[in-house]
>>> print(open('model.csv').read())   # CSV, N, CA and C atoms
chain,number,residue,atom,x,y,z
A,1,GLN,N,-18.1,8.9,-46.9
A,1,GLN,CA,-17.2,9.6,-46.0
A,1,GLN,C,-16.8,8.7,-44.8
A,2,VAL,N,-15.6,8.8,-44.4
A,2,VAL,CA,-15.0,7.9,-43.4
A,2,VAL,C,-15.7,8.3,-42.0
A,3,GLN,N,-15.9,7.2,-41.2
A,3,GLN,CA,-16.4,7.4,-39.9
A,3,GLN,C,-15.5,6.8,-38.9
A,4,PHE,N,-15.6,7.2,-37.6
A,4,PHE,CA,-14.7,6.8,-36.6
A,4,PHE,C,-15.5,6.3,-35.4
A,5,VAL,N,-15.0,5.3,-34.7
A,5,VAL,CA,-15.6,4.9,-33.4
A,5,VAL,C,-14.5,4.8,-32.4
A,6,GLU,N,-14.7,5.7,-31.3
A,6,GLU,CA,-13.7,5.7,-30.3
A,6,GLU,C,-14.1,4.9,-29.1
A,7,SER,N,-13.1,4.3,-28.4
A,7,SER,CA,-13.4,3.5,-27.2
A,7,SER,C,-12.2,3.6,-26.2
A,8,GLY,N,-12.5,3.1,-25.0
A,8,GLY,CA,-11.4,3.0,-24.0
A,8,GLY,C,-11.4,4.0,-22.9
A,9,GLY,N,-12.3,5.0,-23.0
A,9,GLY,CA,-12.3,6.0,-21.9
A,9,GLY,C,-12.8,5.5,-20.6
A,10,GLY,N,-12.8,6.3,-19.6
A,10,GLY,CA,-13.3,5.9,-18.3
A,10,GLY,C,-12.8,6.9,-17.2
A,11,LEU,N,-13.0,6.4,-16.0
A,11,LEU,CA,-12.5,7.2,-14.8
A,11,LEU,C,-11.2,6.7,-14.3
A,12,VAL,N,-10.2,7.6,-14.2
A,12,VAL,CA,-8.9,7.2,-13.7
A,12,VAL,C,-8.4,8.2,-12.7
A,13,GLN,N,-7.6,7.7,-11.7
A,13,GLN,CA,-7.1,8.6,-10.7
A,13,GLN,C,-5.9,9.4,-11.3
A,14,PRO,N,-5.6,10.5,-10.7
A,14,PRO,CA,-4.4,11.3,-11.2
A,14,PRO,C,-3.2,10.4,-11.1
A,15,GLY,N,-2.3,10.4,-12.1
A,15,GLY,CA,-1.1,9.6,-12.2
A,15,GLY,C,-1.4,8.3,-12.9
A,16,GLY,N,-2.6,8.0,-13.2
A,16,GLY,CA,-3.0,6.7,-13.8
A,16,GLY,C,-2.8,6.7,-15.3
A,17,SER,N,-3.3,5.6,-15.9
A,17,SER,CA,-3.1,5.5,-17.4
A,17,SER,C,-4.4,4.9,-18.0
A,18,LEU,N,-4.6,5.3,-19.3
A,18,LEU,CA,-5.6,4.8,-20.1
A,18,LEU,C,-5.1,4.6,-21.5
A,19,ARG,N,-5.7,3.7,-22.2
A,19,ARG,CA,-5.4,3.5,-23.7
A,19,ARG,C,-6.7,3.6,-24.5
A,20,LEU,N,-6.7,4.6,-25.3
A,20,LEU,CA,-7.9,4.8,-26.2
A,20,LEU,C,-7.6,4.2,-27.6
A,21,SER,N,-8.7,3.7,-28.2
A,21,SER,CA,-8.6,3.1,-29.5
A,21,SER,C,-9.7,3.9,-30.4
A,22,CYS,N,-9.3,3.9,-31.7
A,22,CYS,CA,-10.2,4.5,-32.7
A,22,CYS,C,-10.2,3.7,-33.9
A,23,ALA,N,-11.4,3.1,-34.3
A,23,ALA,CA,-11.5,2.3,-35.5
A,23,ALA,C,-12.1,3.1,-36.6
A,24,ALA,N,-11.5,3.1,-37.8
A,24,ALA,CA,-12.0,3.9,-38.9
A,24,ALA,C,-12.7,3.0,-39.9
A,25,SER,N,-13.7,3.5,-40.5
A,25,SER,CA,-14.4,2.7,-41.6
A,25,SER,C,-13.8,3.2,-42.9
A,26,GLY,N,-14.1,2.5,-44.0
A,26,GLY,CA,-13.7,3.0,-45.3
A,26,GLY,C,-12.3,2.6,-45.6
A,27,SER,N,-11.9,2.9,-46.8
A,27,SER,CA,-10.5,2.5,-47.3
A,27,SER,C,-9.6,3.7,-47.2
A,28,ARG,N,-8.3,3.5,-47.6
A,28,ARG,CA,-7.3,4.5,-47.7
A,28,ARG,C,-6.9,5.1,-46.4
A,29,PHE,N,-7.1,4.3,-45.3
A,29,PHE,CA,-6.8,4.8,-44.0
A,29,PHE,C,-5.3,5.2,-43.9
A,30,SER,N,-4.5,4.4,-44.5
A,30,SER,CA,-3.0,4.5,-44.2
A,30,SER,C,-2.4,5.8,-44.8
A,31,ILE,N,-3.1,6.4,-45.8
A,31,ILE,CA,-2.5,7.5,-46.5
A,31,ILE,C,-2.7,8.9,-45.8
A,32,TYR,N,-3.6,8.9,-44.8
A,32,TYR,CA,-3.9,10.2,-44.2
A,32,TYR,C,-3.3,10.3,-42.8
A,33,PRO,N,-2.9,11.5,-42.4
A,33,PRO,CA,-2.5,11.7,-41.0
A,33,PRO,C,-3.7,11.6,-40.1
A,34,MET,N,-3.5,11.0,-39.0
A,34,MET,CA,-4.7,10.9,-38.0
A,34,MET,C,-4.3,11.7,-36.7
A,35,GLY,N,-5.4,12.1,-36.1
A,35,GLY,CA,-5.2,12.9,-34.8
A,35,GLY,C,-6.2,12.5,-33.8
A,36,TRP,N,-5.7,12.7,-32.5
A,36,TRP,CA,-6.6,12.6,-31.4
A,36,TRP,C,-6.9,14.0,-30.9
A,37,TYR,N,-8.2,14.3,-30.7
A,37,TYR,CA,-8.6,15.6,-30.3
A,37,TYR,C,-9.3,15.4,-29.0
A,38,ARG,N,-9.5,16.5,-28.2
A,38,ARG,CA,-10.3,16.5,-27.0
A,38,ARG,C,-11.0,17.8,-26.8
A,39,GLN,N,-12.1,17.7,-26.1
A,39,GLN,CA,-13.0,18.9,-25.8
A,39,GLN,C,-13.4,18.8,-24.4
A,40,ALA,N,-12.9,19.7,-23.6
A,40,ALA,CA,-13.3,19.8,-22.2
A,40,ALA,C,-14.5,20.7,-22.1
A,41,PRO,N,-15.3,20.6,-21.0
A,41,PRO,CA,-16.5,21.4,-20.9
A,41,PRO,C,-16.2,22.9,-21.0
A,42,GLY,N,-17.0,23.6,-21.8
A,42,GLY,CA,-16.8,25.0,-22.0
A,42,GLY,C,-15.6,25.4,-22.8
A,43,LYS,N,-14.9,24.5,-23.4
A,43,LYS,CA,-13.7,24.8,-24.2
A,43,LYS,C,-13.9,24.3,-25.6
A,44,GLN,N,-13.1,24.8,-26.5
A,44,GLN,CA,-13.1,24.4,-27.9
A,44,GLN,C,-12.3,23.1,-28.0
A,45,ARG,N,-12.7,22.3,-29.1
A,45,ARG,CA,-12.0,21.1,-29.3
A,45,ARG,C,-10.5,21.4,-29.8
A,46,GLU,N,-9.6,20.7,-29.2
A,46,GLU,CA,-8.2,20.9,-29.6
A,46,GLU,C,-7.5,19.6,-30.0
A,47,LEU,N,-6.5,19.7,-30.9
A,47,LEU,CA,-5.8,18.6,-31.4
A,47,LEU,C,-4.7,18.3,-30.3
A,48,VAL,N,-4.6,17.1,-29.8
A,48,VAL,CA,-3.5,16.9,-28.8
A,48,VAL,C,-2.4,16.0,-29.4
A,49,ALA,N,-2.6,15.2,-30.4
A,49,ALA,CA,-1.6,14.4,-31.0
A,49,ALA,C,-1.9,14.1,-32.4
A,50,ARG,N,-0.9,14.0,-33.2
A,50,ARG,CA,-1.1,13.7,-34.6
A,50,ARG,C,0.0,12.7,-35.1
A,51,ILE,N,-0.4,11.8,-36.0
A,51,ILE,CA,0.6,10.8,-36.6
A,51,ILE,C,0.3,10.7,-38.1
A,52,THR,N,1.4,10.7,-38.8
A,52,THR,CA,1.4,10.6,-40.3
A,52,THR,C,1.2,9.1,-40.6
A,53,GLY,N,0.9,8.9,-41.9
A,53,GLY,CA,0.8,7.5,-42.3
A,53,GLY,C,2.0,6.7,-42.1
A,54,GLY,N,3.2,7.3,-42.1
A,54,GLY,CA,4.4,6.7,-41.9
A,54,GLY,C,4.9,6.6,-40.5
A,55,GLY,N,4.1,7.2,-39.5
A,55,GLY,CA,4.4,7.1,-38.1
A,55,GLY,C,5.1,8.2,-37.5
A,56,SER,N,5.3,9.3,-38.2
A,56,SER,CA,5.9,10.5,-37.5
A,56,SER,C,4.8,11.2,-36.6
A,57,THR,N,5.2,11.7,-35.5
A,57,THR,CA,4.2,12.1,-34.5
A,57,THR,C,4.5,13.6,-34.0
A,58,ILE,N,3.5,14.3,-33.6
A,58,ILE,CA,3.6,15.6,-33.1
A,58,ILE,C,2.6,15.7,-31.9
A,59,TYR,N,3.0,16.4,-30.8
A,59,TYR,CA,2.1,16.5,-29.7
A,59,TYR,C,2.0,17.9,-29.2
A,60,THR,N,0.8,18.3,-28.7
A,60,THR,CA,0.7,19.6,-28.1
A,60,THR,C,1.5,19.6,-26.8
A,61,ASP,N,2.0,20.7,-26.4
A,61,ASP,CA,2.9,20.8,-25.3
A,61,ASP,C,2.4,20.2,-24.0
A,62,SER,N,1.1,20.3,-23.7
A,62,SER,CA,0.6,19.9,-22.4
A,62,SER,C,0.6,18.4,-22.3
A,63,VAL,N,0.8,17.6,-23.3
A,63,VAL,CA,0.8,16.1,-23.2
A,63,VAL,C,2.1,15.5,-23.6
A,64,LYS,N,3.1,16.3,-24.0
A,64,LYS,CA,4.4,15.8,-24.4
A,64,LYS,C,5.0,15.0,-23.3
A,65,GLY,N,5.5,13.8,-23.6
A,65,GLY,CA,6.2,13.0,-22.6
A,65,GLY,C,5.2,12.2,-21.8
A,66,ARG,N,3.9,12.4,-21.9
A,66,ARG,CA,2.9,11.6,-21.2
A,66,ARG,C,2.0,10.8,-22.1
A,67,PHE,N,1.7,11.3,-23.3
A,67,PHE,CA,0.8,10.6,-24.2
A,67,PHE,C,1.6,10.1,-25.4
A,68,THR,N,1.2,9.0,-25.9
A,68,THR,CA,1.8,8.4,-27.1
A,68,THR,C,0.8,8.0,-28.1
A,69,ILE,N,0.8,8.5,-29.3
A,69,ILE,CA,-0.1,8.1,-30.4
A,69,ILE,C,0.6,7.1,-31.3
A,70,SER,N,-0.2,6.1,-31.7
A,70,SER,CA,0.3,5.1,-32.6
A,70,SER,C,-0.8,4.6,-33.5
A,71,ARG,N,-0.5,3.9,-34.6
A,71,ARG,CA,-1.5,3.4,-35.5
A,71,ARG,C,-1.1,2.1,-36.0
A,72,ASP,N,-2.2,1.3,-36.4
A,72,ASP,CA,-2.0,0.0,-37.0
A,72,ASP,C,-2.8,0.1,-38.3
A,73,ASN,N,-2.1,0.4,-39.4
A,73,ASN,CA,-2.8,0.6,-40.7
A,73,ASN,C,-3.5,-0.7,-41.2
A,74,ALA,N,-3.0,-1.8,-40.8
A,74,ALA,CA,-3.7,-3.1,-41.3
A,74,ALA,C,-5.0,-3.2,-40.6
A,75,LYS,N,-5.2,-2.6,-39.4
A,75,LYS,CA,-6.5,-2.7,-38.7
A,75,LYS,C,-7.3,-1.4,-38.8
A,76,SER,N,-6.7,-0.4,-39.5
A,76,SER,CA,-7.4,0.9,-39.7
A,76,SER,C,-7.7,1.4,-38.3
A,77,THR,N,-6.8,1.4,-37.4
A,77,THR,CA,-7.0,1.8,-36.0
A,77,THR,C,-5.9,2.7,-35.5
A,78,VAL,N,-6.2,3.7,-34.8
A,78,VAL,CA,-5.3,4.6,-34.1
A,78,VAL,C,-5.5,4.5,-32.6
A,79,TYR,N,-4.4,4.6,-31.9
A,79,TYR,CA,-4.4,4.5,-30.4
A,79,TYR,C,-3.8,5.7,-29.8
A,80,LEU,N,-4.2,5.9,-28.5
A,80,LEU,CA,-3.6,7.0,-27.7
A,80,LEU,C,-3.4,6.4,-26.3
A,81,GLN,N,-2.1,6.2,-26.0
A,81,GLN,CA,-1.7,5.7,-24.7
A,81,GLN,C,-1.5,7.0,-23.8
A,82,MET,N,-2.2,7.1,-22.7
A,82,MET,CA,-2.1,8.2,-21.8
A,82,MET,C,-1.6,7.8,-20.5
A,83,ASN,N,-0.4,8.3,-20.1
A,83,ASN,CA,0.2,8.0,-18.8
A,83,ASN,C,0.3,9.3,-18.0
A,84,SER,N,0.6,9.1,-16.7
A,84,SER,CA,0.8,10.2,-15.8
A,84,SER,C,-0.4,11.2,-15.9
A,85,MET,N,-1.6,10.8,-15.9
A,85,MET,CA,-2.7,11.6,-16.3
A,85,MET,C,-3.0,12.6,-15.2
A,86,LYS,N,-3.5,13.8,-15.6
A,86,LYS,CA,-3.8,14.9,-14.7
A,86,LYS,C,-5.3,15.2,-14.8
A,87,PRO,N,-5.8,15.9,-13.8
A,87,PRO,CA,-7.2,16.3,-13.9
A,87,PRO,C,-7.6,17.2,-15.1
A,88,GLU,N,-6.6,17.9,-15.5
A,88,GLU,CA,-6.8,18.8,-16.7
A,88,GLU,C,-6.9,18.0,-18.0
A,89,ASP,N,-6.6,16.7,-18.0
A,89,ASP,CA,-6.8,15.8,-19.1
A,89,ASP,C,-8.3,15.4,-19.3
A,90,THR,N,-9.1,15.7,-18.3
A,90,THR,CA,-10.5,15.4,-18.4
A,90,THR,C,-11.2,16.0,-19.6
A,91,ALA,N,-11.8,15.2,-20.4
A,91,ALA,CA,-12.4,15.7,-21.7
A,91,ALA,C,-13.1,14.6,-22.4
A,92,VAL,N,-13.8,14.9,-23.4
A,92,VAL,CA,-14.3,13.9,-24.4
A,92,VAL,C,-13.2,13.8,-25.5
A,93,TYR,N,-12.7,12.6,-25.8
A,93,TYR,CA,-11.7,12.5,-26.7
A,93,TYR,C,-12.2,11.9,-28.0
A,94,TYR,N,-11.8,12.5,-29.1
A,94,TYR,CA,-12.3,12.1,-30.5
A,94,TYR,C,-11.0,11.8,-31.4
A,95,CYS,N,-11.3,11.1,-32.4
A,95,CYS,CA,-10.2,10.9,-33.4
A,95,CYS,C,-10.8,11.4,-34.8
A,96,ASN,N,-9.9,11.8,-35.6
A,96,ASN,CA,-10.3,12.2,-37.0
A,96,ASN,C,-9.0,12.3,-37.8
A,97,ARG,N,-9.1,12.6,-39.0
A,97,ARG,CA,-8.0,12.9,-39.8
A,97,ARG,C,-7.4,14.3,-39.3
A,98,ALA,N,-6.2,14.5,-39.6
A,98,ALA,CA,-5.5,15.7,-39.1
A,98,ALA,C,-4.7,16.3,-40.3
A,99,ALA,N,-4.6,17.7,-40.2
A,99,ALA,CA,-3.7,18.4,-41.2
A,99,ALA,C,-4.2,18.1,-42.6
A,100,VAL,N,-5.5,18.0,-42.8
A,100,VAL,CA,-6.1,17.9,-44.2
A,100,VAL,C,-7.2,19.0,-44.3
A,101,PRO,N,-7.5,19.3,-45.6
A,101,PRO,CA,-8.6,20.3,-45.8
A,101,PRO,C,-9.9,19.8,-45.1
A,102,ASP,N,-10.8,20.7,-44.8
A,102,ASP,CA,-12.1,20.4,-44.2
A,102,ASP,C,-12.8,19.4,-45.0
A,103,SER,N,-12.7,19.5,-46.3
A,103,SER,CA,-13.5,18.6,-47.2
A,103,SER,C,-13.0,17.1,-47.1
A,104,LEU,N,-11.9,16.9,-46.5
A,104,LEU,CA,-11.4,15.5,-46.3
A,104,LEU,C,-11.5,15.0,-44.9
A,105,MET,N,-12.0,15.8,-44.0
A,105,MET,CA,-12.3,15.3,-42.6
A,105,MET,C,-13.4,14.3,-42.6
A,106,GLY,N,-13.3,13.3,-41.7
A,106,GLY,CA,-14.4,12.4,-41.6
A,106,GLY,C,-15.5,12.9,-40.7
A,107,TYR,N,-16.6,12.1,-40.6
A,107,TYR,CA,-17.6,12.4,-39.7
A,107,TYR,C,-17.1,12.3,-38.2
A,108,TRP,N,-17.4,13.2,-37.4
A,108,TRP,CA,-17.0,13.1,-36.0
A,108,TRP,C,-17.9,12.0,-35.3
A,109,GLY,N,-17.2,11.2,-34.5
A,109,GLY,CA,-17.9,10.1,-33.8
A,109,GLY,C,-18.5,10.7,-32.5
A,110,GLN,N,-18.9,9.8,-31.6
A,110,GLN,CA,-19.5,10.1,-30.3
A,110,GLN,C,-18.4,10.5,-29.3
A,111,GLY,N,-17.2,10.1,-29.6
A,111,GLY,CA,-16.1,10.3,-28.7
A,111,GLY,C,-16.1,9.4,-27.5
A,112,THR,N,-15.1,9.5,-26.7
A,112,THR,CA,-15.1,8.7,-25.5
A,112,THR,C,-14.7,9.5,-24.3
A,113,GLN,N,-15.5,9.5,-23.2
A,113,GLN,CA,-15.2,10.3,-22.1
A,113,GLN,C,-14.1,9.8,-21.2
A,114,VAL,N,-13.2,10.8,-20.9
A,114,VAL,CA,-12.1,10.5,-20.0
A,114,VAL,C,-12.2,11.4,-18.8
A,115,THR,N,-12.2,10.9,-17.6
A,115,THR,CA,-12.3,11.7,-16.4
A,115,THR,C,-11.2,11.3,-15.5
A,116,VAL,N,-10.4,12.3,-15.1
A,116,VAL,CA,-9.3,12.1,-14.2
A,116,VAL,C,-9.6,12.8,-12.9
A,117,SER,N,-9.8,11.9,-11.9
A,117,SER,CA,-10.3,12.5,-10.6
A,117,SER,C,-10.0,11.4,-9.5
A,118,SER,N,-9.7,12.0,-8.3
A,118,SER,CA,-9.5,11.1,-7.2
A,118,SER,C,-10.8,10.9,-6.4
>>> encode(input="model.csv", output="C-alpha coordinates")
Amino acid sequence: QVQFVESGGGLVQPGGSLRLSCAASGSRFSIYPMGWYRQAPGKQRELVARITGGGSTIYTDSVKGRFTISRDNAKSTVYLQMNSMKPEDTAVYYCNRAAVPDSLMGYWGQGTQVTVSS
(Lines of atoms letter the chains of each structure in order from A and count residues from 1; the text may use other names and numbers.)
(Lines give C-alpha, C1' and ligand atoms only; values in the text may rest on other atoms or scores of the structure.)
Protein backbone atom coordinates (compact mmCIF):
# COMPACT_ATOMS: atom_id res chain seq x y z
CA GLN A 1 0.00 0.00 0.00
CA VAL A 2 1.26 3.45 -0.87
CA GLN A 3 2.81 5.62 1.84
CA PHE A 4 3.37 9.36 2.03
CA VAL A 5 5.96 11.58 3.71
CA GLU A 6 5.05 15.21 4.24
CA SER A 7 7.53 18.02 4.85
CA GLY A 8 7.89 21.80 4.78
CA GLY A 9 5.76 22.87 7.73
CA GLY A 10 6.77 25.38 10.35
CA LEU A 11 5.92 28.61 12.11
CA VAL A 12 4.93 31.55 9.91
CA GLN A 13 3.49 34.98 10.62
CA PRO A 14 0.05 35.98 9.34
CA GLY A 15 0.35 37.01 5.70
CA GLY A 16 3.38 34.79 5.19
CA SER A 17 3.97 31.81 2.91
CA LEU A 18 5.01 28.17 3.15
CA ARG A 19 5.47 25.41 0.60
CA LEU A 20 4.65 21.86 1.62
CA SER A 21 5.92 18.75 -0.15
CA CYS A 22 4.65 15.19 -0.09
CA ALA A 23 6.64 12.27 -1.46
CA ALA A 24 4.77 9.08 -2.33
CA SER A 25 6.16 5.57 -2.35
CA GLY A 26 5.10 2.85 -4.74
CA SER A 27 4.11 2.96 -8.37
CA ARG A 28 1.16 4.31 -10.34
CA PHE A 29 1.33 7.70 -8.62
CA SER A 30 0.29 9.57 -11.74
CA ILE A 31 -3.06 7.88 -12.24
CA TYR A 32 -4.64 8.87 -8.94
CA PRO A 33 -6.01 12.22 -7.80
CA MET A 34 -4.04 13.53 -4.85
CA GLY A 35 -5.16 15.77 -2.03
CA TRP A 36 -3.85 17.89 0.78
CA TYR A 37 -5.80 17.52 3.99
CA ARG A 38 -5.51 19.30 7.32
CA GLN A 39 -6.62 18.67 10.87
CA ALA A 40 -6.82 21.45 13.42
CA PRO A 41 -6.98 20.72 17.15
CA GLY A 42 -10.42 19.47 18.13
CA LYS A 43 -11.62 19.32 14.53
CA GLN A 44 -12.07 16.62 11.92
CA ARG A 45 -9.60 16.22 9.10
CA GLU A 46 -10.73 18.14 6.00
CA LEU A 47 -9.69 18.09 2.37
CA VAL A 48 -8.39 21.54 1.36
CA ALA A 49 -7.10 20.94 -2.16
CA ARG A 50 -7.25 18.22 -4.78
CA ILE A 51 -5.45 17.64 -8.08
CA THR A 52 -6.11 15.04 -10.75
CA GLY A 53 -3.39 13.13 -12.53
CA GLY A 54 -3.77 15.55 -15.43
CA GLY A 55 -3.49 18.65 -13.25
CA SER A 56 -7.08 19.82 -12.75
CA THR A 57 -7.54 21.35 -9.31
CA ILE A 58 -10.28 21.98 -6.76
CA TYR A 59 -10.03 23.97 -3.51
CA THR A 60 -12.17 24.37 -0.47
CA ASP A 61 -13.62 27.87 -0.23
CA SER A 62 -11.49 28.96 2.73
CA VAL A 63 -8.23 28.61 0.77
CA LYS A 64 -9.28 29.62 -2.74
CA GLY A 65 -7.00 32.29 -4.15
CA ARG A 66 -4.37 31.68 -1.45
CA PHE A 67 -3.28 28.05 -1.81
CA THR A 68 -2.02 26.30 -4.95
CA ILE A 69 -1.70 22.53 -5.29
CA SER A 70 0.63 21.05 -7.90
CA ARG A 71 2.27 17.73 -8.67
CA ASP A 72 5.36 16.32 -10.34
CA ASN A 73 4.47 12.83 -11.52
CA ALA A 74 8.07 12.05 -12.48
CA LYS A 75 9.07 12.60 -8.85
CA SER A 76 5.90 11.12 -7.32
CA THR A 77 5.55 14.34 -5.35
CA VAL A 78 2.69 16.72 -4.67
CA TYR A 79 3.11 20.28 -3.40
CA LEU A 80 1.00 22.87 -1.62
CA GLN A 81 2.01 26.51 -1.94
CA MET A 82 0.33 28.52 0.81
CA ASN A 83 0.28 32.31 0.58
CA SER A 84 -1.45 35.06 2.58
CA MET A 85 -1.68 32.66 5.46
CA LYS A 86 -4.09 33.17 8.34
CA PRO A 87 -4.14 31.91 11.95
CA GLU A 88 -7.05 29.65 11.01
CA ASP A 89 -4.72 27.78 8.64
CA THR A 90 -2.95 26.37 11.70
CA ALA A 91 -3.21 22.58 11.55
CA VAL A 92 -1.34 19.38 10.82
CA TYR A 93 -1.26 18.94 7.06
CA TYR A 94 -1.37 15.52 5.39
CA CYS A 95 -1.45 14.25 1.84
CA ASN A 96 -3.16 11.19 0.46
CA ARG A 97 -5.12 10.10 -2.54
CA ALA A 98 -8.43 11.89 -3.00
CA ALA A 99 -11.81 11.04 -4.52
CA VAL A 100 -11.08 7.30 -4.42
CA PRO A 101 -12.71 4.44 -2.49
CA ASP A 102 -11.41 3.88 1.04
CA SER A 103 -9.77 0.67 -0.15
CA LEU A 104 -7.49 2.70 -2.44
CA MET A 105 -6.41 5.28 0.12
CA GLY A 106 -2.79 5.07 1.23
CA TYR A 107 -1.45 4.91 4.74
CA TRP A 108 -1.65 8.27 6.50
CA GLY A 109 1.78 9.73 7.22
CA GLN A 110 2.87 11.75 10.24
CA GLY A 111 1.84 14.99 8.62
CA THR A 112 3.61 18.30 8.93
CA GLN A 113 2.68 20.95 11.50
CA VAL A 114 1.82 24.41 10.22
CA THR A 115 1.41 27.19 12.75
CA VAL A 116 0.38 30.70 11.76
CA SER A 117 1.00 33.13 14.58
CA SER A 118 2.61 36.48 15.29
>>> select_by_dssp(input="model.csv", residues="chain A", states="strand (DSSP E or B)", output="PyMOL selection string")
chain A and resi 4-7+10-12+18-24+34-39+46-51+57-59+67-72+77-82+91-97+112-116
>>> atom_distance(input="model.csv", atom1="atom C of Gly42 (chain A)", atom2="atom C of Thr115 (chain A)")
16.5 Å
>>> closest_residue(input="model.csv", among="A:Thr112, A:Leu18, A:Gly10, A:Ser62", to="Tyr94 (chain A)", atoms="all atoms listed in the file")
A:Thr112
>>> residues_around(input="model.csv", residues="Thr77 (chain A)", least_positions_apart="5", cutoff="6 Å", atoms="all atoms listed in the file", output="mmCIF file with N, CA and C atoms, in the coordinates of the input")
data_model
loop_
_atom_site.group_PDB
_atom_site.id
_atom_site.type_symbol
_atom_site.label_atom_id
_atom_site.label_comp_id
_atom_site.auth_asym_id
_atom_site.auth_seq_id
_atom_site.Cartn_x
_atom_site.Cartn_y
_atom_site.Cartn_z
ATOM 1 N N CYS A 22 -9.300 3.900 -31.700
ATOM 2 C CA CYS A 22 -10.200 4.500 -32.700
ATOM 3 C C CYS A 22 -10.200 3.700 -33.900
ATOM 4 N N ALA A 23 -11.400 3.100 -34.300
ATOM 5 C CA ALA A 23 -11.500 2.300 -35.500
ATOM 6 C C ALA A 23 -12.100 3.100 -36.600
ATOM 7 N N ALA A 24 -11.500 3.100 -37.800
ATOM 8 C CA ALA A 24 -12.000 3.900 -38.900
ATOM 9 C C ALA A 24 -12.700 3.000 -39.900
ATOM 10 N N SER A 70 -0.200 6.100 -31.700
ATOM 11 C CA SER A 70 0.300 5.100 -32.600
ATOM 12 C C SER A 70 -0.800 4.600 -33.500
ATOM 13 N N ARG A 71 -0.500 3.900 -34.600
ATOM 14 C CA ARG A 71 -1.500 3.400 -35.500
ATOM 15 C C ARG A 71 -1.100 2.100 -36.000
ATOM 16 N N ASP A 72 -2.200 1.300 -36.400
ATOM 17 C CA ASP A 72 -2.000 0.000 -37.000
ATOM 18 C C ASP A 72 -2.800 0.100 -38.300
#
>>> residues_around(input="model.csv", residues="Ala98 (chain A)", least_positions_apart="5", cutoff="6 Å", atoms="all atoms listed in the file", output="ChimeraX atom specification")
/A:33-35
>>> residues_around(input="model.csv", residues="Gly26 (chain A)", least_positions_apart="3", cutoff="8 Å", atoms="only C-alpha atoms", output="MDAnalysis selection string")
chainID A and resid 1:3 29
>>> residues_around(input="model.csv", residues="Thr90 (chain A)", least_positions_apart="5", cutoff="8 Å", atoms="only N, CA and C atoms", output="ChimeraX atom specification")
/A:38-41,85,113-117
>>> atom_distance(input="model.csv", atom1="atom C of Ile69 (chain A)", atom2="CA of Ile31 (chain A)")
15.5 Å
>>> closest_residue(input="model.csv", among="A:Pro14, A:Gly106, A:Gly111, A:Gly55", to="Lys86 (chain A)", atoms="only N, CA and C atoms")
A:Pro14
>>> closest_residue(input="model.csv", among="A:Thr57, A:Ser7, A:Ser17, A:Ser76", to="Ser30 (chain A)", atoms="all atoms listed in the file")
A:Ser76
>>> atom_distance(input="model.csv", atom1="atom C of Thr68 (chain A)", atom2="atom N of Leu80 (chain A)")
5.4 Å
>>> decode(input="model.csv", residues="region 36-51 of chain A", atoms="N, CA and C atoms", output="CSV table (one decimal), in the first residue's frame")
chain,number,residue,atom,x,y,z
A,36,TRP,N,-4.4,17.4,-0.5
A,36,TRP,CA,-3.8,17.9,0.8
A,36,TRP,C,-5.0,18.0,1.8
A,37,TYR,N,-4.8,17.5,2.9
A,37,TYR,CA,-5.8,17.5,4.0
A,37,TYR,C,-5.2,18.3,5.2
A,38,ARG,N,-6.0,18.7,6.1
A,38,ARG,CA,-5.5,19.3,7.3
A,38,ARG,C,-6.4,19.0,8.5
A,39,GLN,N,-5.8,18.9,9.7
A,39,GLN,CA,-6.6,18.7,10.9
A,39,GLN,C,-6.2,19.6,12.0
A,40,ALA,N,-7.1,20.5,12.3
A,40,ALA,CA,-6.8,21.5,13.4
A,40,ALA,C,-7.2,20.8,14.7
A,41,PRO,N,-6.7,21.3,15.8
A,41,PRO,CA,-7.0,20.7,17.2
A,41,PRO,C,-8.5,20.7,17.4
A,42,GLY,N,-9.0,19.6,17.8
A,42,GLY,CA,-10.4,19.5,18.1
A,42,GLY,C,-11.4,19.4,16.9
A,43,LYS,N,-10.8,19.3,15.7
A,43,LYS,CA,-11.6,19.3,14.5
A,43,LYS,C,-11.3,18.1,13.7
A,44,GLN,N,-12.3,17.8,12.8
A,44,GLN,CA,-12.1,16.6,11.9
A,44,GLN,C,-11.1,17.0,10.8
A,45,ARG,N,-10.5,16.0,10.2
A,45,ARG,CA,-9.6,16.2,9.1
A,45,ARG,C,-10.5,16.6,7.9
A,46,GLU,N,-10.0,17.6,7.2
A,46,GLU,CA,-10.7,18.1,6.0
A,46,GLU,C,-9.8,18.2,4.8
A,47,LEU,N,-10.4,18.0,3.6
A,47,LEU,CA,-9.7,18.1,2.4
A,47,LEU,C,-9.7,19.6,2.0
A,48,VAL,N,-8.5,20.1,1.7
A,48,VAL,CA,-8.4,21.5,1.4
A,48,VAL,C,-8.1,21.8,-0.1
A,49,ALA,N,-7.4,20.8,-0.8
A,49,ALA,CA,-7.1,20.9,-2.2
A,49,ALA,C,-6.9,19.6,-2.8
A,50,ARG,N,-7.3,19.5,-4.1
A,50,ARG,CA,-7.3,18.2,-4.8
A,50,ARG,C,-6.7,18.5,-6.2
A,51,ILE,N,-6.0,17.5,-6.7
A,51,ILE,CA,-5.4,17.6,-8.1
A,51,ILE,C,-5.5,16.3,-8.8
